[in-house]
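*Asks:* Input file: model-v3.cif. Contents: mmCIF, C-alpha atoms.
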```
data_target
#
loop_
_atom_site.label_atom_id
_atom_site.label_comp_id
_atom_site.auth_asym_id
_atom_site.auth_seq_id
_atom_site.Cartn_x
_atom_site.Cartn_y
_atom_site.Cartn_z
CA MET A 1 -27.03 -17.84 59.92
CA LYS A 2 -29.97 -15.57 60.73
CA PRO A 3 -31.41 -13.37 57.93
CA LEU A 4 -32.60 -9.87 58.84
CA THR A 5 -35.28 -7.87 57.07
CA SER A 6 -33.97 -4.54 55.78
CA SER A 7 -35.20 -1.55 53.83
CA LEU A 8 -31.89 -1.73 51.95
CA GLU A 9 -32.77 -5.01 50.24
CA GLN A 10 -32.90 -4.61 46.46
CA VAL A 11 -31.54 -1.04 46.64
CA GLN A 12 -29.32 -0.40 43.62
CA GLU A 13 -26.45 2.07 44.01
CA THR A 14 -22.91 2.49 42.81
CA PHE A 15 -20.49 0.20 44.58
CA ASP A 16 -18.47 3.23 45.68
CA LYS A 17 -21.50 4.80 47.38
CA VAL A 18 -22.45 1.55 49.11
CA ARG A 19 -18.89 1.08 50.33
CA ALA A 20 -18.70 4.70 51.60
CA GLN A 21 -22.04 4.40 53.39
CA LEU A 22 -21.12 1.12 55.08
CA GLU A 23 -17.56 2.11 56.01
CA GLN A 24 -19.09 4.81 58.25
CA PHE A 25 -20.40 1.95 60.39
CA ASP A 26 -17.16 -0.06 60.44
CA PHE A 27 -18.09 -2.45 57.63
CA ASN A 28 -15.34 -3.73 55.37
CA LEU A 29 -15.49 -5.55 52.08
CA GLY A 30 -14.90 -9.16 53.09
CA GLY A 31 -12.03 -11.11 51.59
CA GLY A 32 -14.39 -13.43 49.70
CA TRP A 33 -15.47 -10.78 47.17
CA ASP A 34 -15.42 -11.52 43.48
CA TYR A 35 -15.96 -9.32 40.44
CA ASP A 36 -19.71 -10.04 40.40
CA HIS A 37 -20.56 -10.12 44.12
CA GLY A 38 -19.24 -9.46 47.59
CA TYR A 39 -20.07 -9.10 51.27
CA PHE A 40 -19.64 -6.16 53.59
CA ASP A 41 -18.83 -7.45 57.06
CA ARG A 42 -18.87 -5.95 60.53
CA SER A 43 -17.80 -7.85 63.61
CA LEU A 44 -20.23 -7.62 66.49
CA ASP A 45 -18.00 -9.09 69.18
CA GLU A 46 -14.42 -8.58 70.34
CA ALA A 47 -13.45 -12.15 69.45
CA ASN A 48 -14.52 -11.63 65.80
CA LYS A 49 -16.78 -14.66 65.86
CA VAL A 50 -20.16 -12.96 65.32
CA TRP A 51 -20.67 -10.91 62.17
CA LEU A 52 -23.30 -8.77 60.50
CA ARG A 53 -22.93 -9.40 56.77
CA ILE A 54 -24.54 -7.40 53.95
CA PRO A 55 -24.29 -9.06 50.53
CA VAL A 56 -24.13 -7.13 47.26
CA GLN A 57 -24.59 -8.45 43.74
CA VAL A 58 -23.18 -6.58 40.73
CA VAL A 59 -25.82 -5.30 38.31
CA THR A 60 -23.41 -3.59 35.89
CA GLY A 61 -19.64 -3.33 35.83
CA ARG A 62 -17.49 -5.29 38.25
CA ILE A 63 -16.25 -4.92 41.81
CA GLU A 64 -12.72 -3.69 42.08
CA GLY A 65 -12.34 -4.02 45.84
CA ASP A 66 -8.72 -2.96 45.95
CA VAL A 67 -9.12 0.35 44.10
CA GLU A 68 -10.51 3.67 45.26
CA ALA A 69 -13.20 3.96 42.59
CA THR A 70 -15.10 1.68 40.24
CA ASP A 71 -18.06 2.09 37.90
CA ALA A 72 -19.93 -0.95 39.25
CA VAL A 73 -23.59 -0.71 40.24
CA VAL A 74 -24.65 -3.23 42.88
CA GLU A 75 -27.90 -4.44 44.39
CA VAL A 76 -28.03 -4.95 48.14
CA GLY A 77 -29.15 -8.39 49.25
CA THR A 78 -30.65 -9.67 52.50
CA PRO A 79 -28.39 -8.90 55.48
CA PHE A 80 -27.70 -11.70 57.93
CA VAL A 81 -25.91 -12.51 61.17
CA LEU A 82 -23.50 -15.40 61.31
CA LYS A 83 -21.26 -16.94 63.92
CA HIS A 84 -18.05 -18.88 63.48
CA VAL A 85 -16.81 -21.10 66.29
CA TYR A 86 -13.10 -21.63 65.85
CA ASN A 87 -10.93 -24.34 67.29
CA GLU A 88 -8.38 -22.35 69.29
CA GLY A 89 -4.73 -23.21 68.94
CA LEU A 90 -2.49 -24.74 66.31
CA ASP A 91 -3.40 -27.68 64.13
CA PRO A 92 -1.38 -30.75 65.17
CA GLU A 93 -1.80 -32.10 61.64
CA ALA A 94 -0.61 -28.96 59.84
CA ASN A 95 0.09 -29.40 56.14
CA MET A 96 3.48 -28.61 54.69
CA GLU A 97 3.37 -26.47 51.57
CA THR A 98 5.83 -25.15 48.98
CA ALA A 99 8.64 -27.56 49.68
CA GLY A 100 8.20 -27.17 53.42
CA ALA A 101 8.69 -23.41 53.43
CA LEU A 102 5.21 -22.59 54.63
CA VAL A 103 2.99 -24.36 57.14
CA ASP A 104 -0.80 -24.13 57.21
CA GLN A 105 -0.96 -24.14 60.98
CA PHE A 106 -4.48 -22.95 61.72
CA GLN A 107 -7.42 -25.26 62.10
CA ALA A 108 -10.68 -24.96 60.20
CA PRO A 109 -13.70 -23.62 62.12
CA LEU A 110 -15.41 -26.17 64.35
CA ASP A 111 -18.73 -24.71 63.24
CA SER A 112 -18.85 -22.04 60.53
CA ASP A 113 -22.59 -21.57 61.04
CA ALA A 114 -23.06 -21.88 64.80
CA SER A 115 -26.33 -20.98 66.51
CA ILE A 116 -26.60 -17.28 67.29
CA GLU A 117 -27.64 -15.98 70.68
CA ASP A 118 -30.57 -13.52 70.71
CA LYS A 119 -28.36 -10.70 72.01
CA TRP A 120 -26.31 -10.80 68.78
CA VAL A 121 -29.42 -10.76 66.58
CA THR A 122 -30.65 -7.73 68.56
CA GLU A 123 -27.25 -6.04 68.25
CA ALA A 124 -27.14 -6.71 64.51
CA ALA A 125 -30.67 -5.36 64.04
CA SER A 126 -29.69 -2.21 65.93
CA VAL A 127 -26.60 -1.65 63.77
CA LEU A 128 -28.64 -2.31 60.64
CA LYS A 129 -31.29 0.20 61.74
CA SER A 130 -28.57 2.84 62.18
CA VAL A 131 -27.22 2.09 58.71
CA GLU A 132 -30.71 2.33 57.21
CA SER A 133 -31.42 5.64 58.98
CA ALA A 134 -28.20 7.21 57.71
CA TRP A 135 -28.54 5.88 54.14
CA ILE A 136 -28.54 8.72 51.63
CA HIS A 137 -30.84 7.92 48.71
#
```
Could the structure of this file be written out as structure tokens, please?

*Replies:*
Amino acid sequence: MKPLTSSLEQVQETFDKVRAQLEQFDFNLGGGWDYDHGYFDRSLDEANKVWLRIPVQVVTGRIEGDVEATDAVVEVGTPFVLKHVYNEGLDPEANMETAGALVDQFQAPLDSDASIEDKWVTEAASVLKSVESAWIH
């Protein structure tokens, strides 16, 4: 993980405005969001292994990621770049679940915080600069 300095750090806005601003640059609310925090993610590579992530923390209200509008106000955290190195293929030791009906066939990442090449840090900084320039205060 490589943190990036940003003029957006500590900016407080409605969640809806933050989401709208970031969606213009192909960010999506990551699946790990909770009612009091979340991450907006944008893949930087075609293999979806390198990501620019912008965290948000709820100041008031709560994130309702699956609805069109919410009253939450969030504070933007420190953006960072991260890289996941996945073990390609199926897991030979897949776990059976729900009476054998479902199989967890995918392996865990080999390294969920792999070192990040300079080109990805530069790319992330460039995307972040574009986001900052377009931010409507």

*Asks:* Specify as a ChimeraX atom specification each residue included when the PyMOL selection byres ((chain A and resi 4) around 10) is applied to this file.

*Replies:* /A:1-3,5-6,9,52-54,78-81,121,124-125,128

*Asks:* Counting all atoms listed in the file, figure out which residue out of A:Gln57, A:Thr14, A:Thr122, A:Asn28 gets nearest to Ala72 of chain A.

*Replies:* A:Thr14

*Asks:* Can you work out which one of A:Glu46, A:His84, A:Gly38, A:Asp26 has the shortest atom-to-atom distance to Ser115 of chain A, counting all atoms listed in the file?

*Replies:*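 Closest to Ser115 of chain A, using all atoms listed in the file: A:His84.
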
*Asks:* Selection in question (the file shown): the PyMOL selection byres ((chain A and resi 70) around 12). Which residues does it include, as an NGL selection string?

*Replies:* :A and (13-19 or 35 or 58 or 60-69 or 71-74)

*Asks:* Taking only C-alpha atoms into account, which of A:Val85, A:Leu29, A:Val56, A:Val76 comes nearest Glu132 of chain A?

*Replies:*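 Among the listed residues, the smallest separation from Glu132 of chain A belongs to A:Val76.
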
*Asks:* Work out how far apart atom CA of Trp33 of chain A and atom CA of Trp120 of chain A are and give it in Å to one decimal.

*Replies:* 24.2 Å

*Asks:* Identify the residues within 12 Å of coordinate (-27.6, 5.1, 57.3) (same frame as the file), considering all atoms listed in the file, and give the answer as a list in words.

*Replies:*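 Final list of nearby residues, as requested, is Ser6, Ser7, Leu8, Lys17, Val18, Arg19, Ala20, Gln21, Leu22, Glu23, Gln24, Phe25, Ser126, Val127, Leu128, Lys129, Ser130, Val131, Glu132, Ser133, Ala134, Trp135, Ile136 and His137 of chain A.
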
*Asks:* Would you save the residues from that selection as an mmCIF file, keeping the file's coordinate frame, using C-alpha atoms?

*Replies:*
```
data_model
loop_
_atom_site.group_PDB
_atom_site.id
_atom_site.type_symbol
_atom_site.label_atom_id
_atom_site.label_comp_id
_atom_site.auth_asym_id
_atom_site.auth_seq_id
_atom_site.Cartn_x
_atom_site.Cartn_y
_atom_site.Cartn_z
ATOM 1 C CA SER A 6 -33.970 -4.540 55.780
ATOM 2 C CA SER A 7 -35.200 -1.550 53.830
ATOM 3 C CA LEU A 8 -31.890 -1.730 51.950
ATOM 4 C CA LYS A 17 -21.500 4.800 47.380
ATOM 5 C CA VAL A 18 -22.450 1.550 49.110
ATOM 6 C CA ARG A 19 -18.890 1.080 50.330
ATOM 7 C CA ALA A 20 -18.700 4.700 51.600
ATOM 8 C CA GLN A 21 -22.040 4.400 53.390
ATOM 9 C CA LEU A 22 -21.120 1.120 55.080
ATOM 10 C CA GLU A 23 -17.560 2.110 56.010
ATOM 11 C CA GLN A 24 -19.090 4.810 58.250
ATOM 12 C CA PHE A 25 -20.400 1.950 60.390
ATOM 13 C CA SER A 126 -29.690 -2.210 65.930
ATOM 14 C CA VAL A 127 -26.600 -1.650 63.770
ATOM 15 C CA LEU A 128 -28.640 -2.310 60.640
ATOM 16 C CA LYS A 129 -31.290 0.200 61.740
ATOM 17 C CA SER A 130 -28.570 2.840 62.180
ATOM 18 C CA VAL A 131 -27.220 2.090 58.710
ATOM 19 C CA GLU A 132 -30.710 2.330 57.210
ATOM 20 C CA SER A 133 -31.420 5.640 58.980
ATOM 21 C CA ALA A 134 -28.200 7.210 57.710
ATOM 22 C CA TRP A 135 -28.540 5.880 54.140
ATOM 23 C CA ILE A 136 -28.540 8.720 51.630
ATOM 24 C CA HIS A 137 -30.840 7.920 48.710
#
```

*Asks:* One decimal, in Å: what's the spacing between atom CA of Gln12 of chain A and atom CA of Lys83 of chain A?

*Replies:*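 These atoms are spaced 27.4 Å apart.
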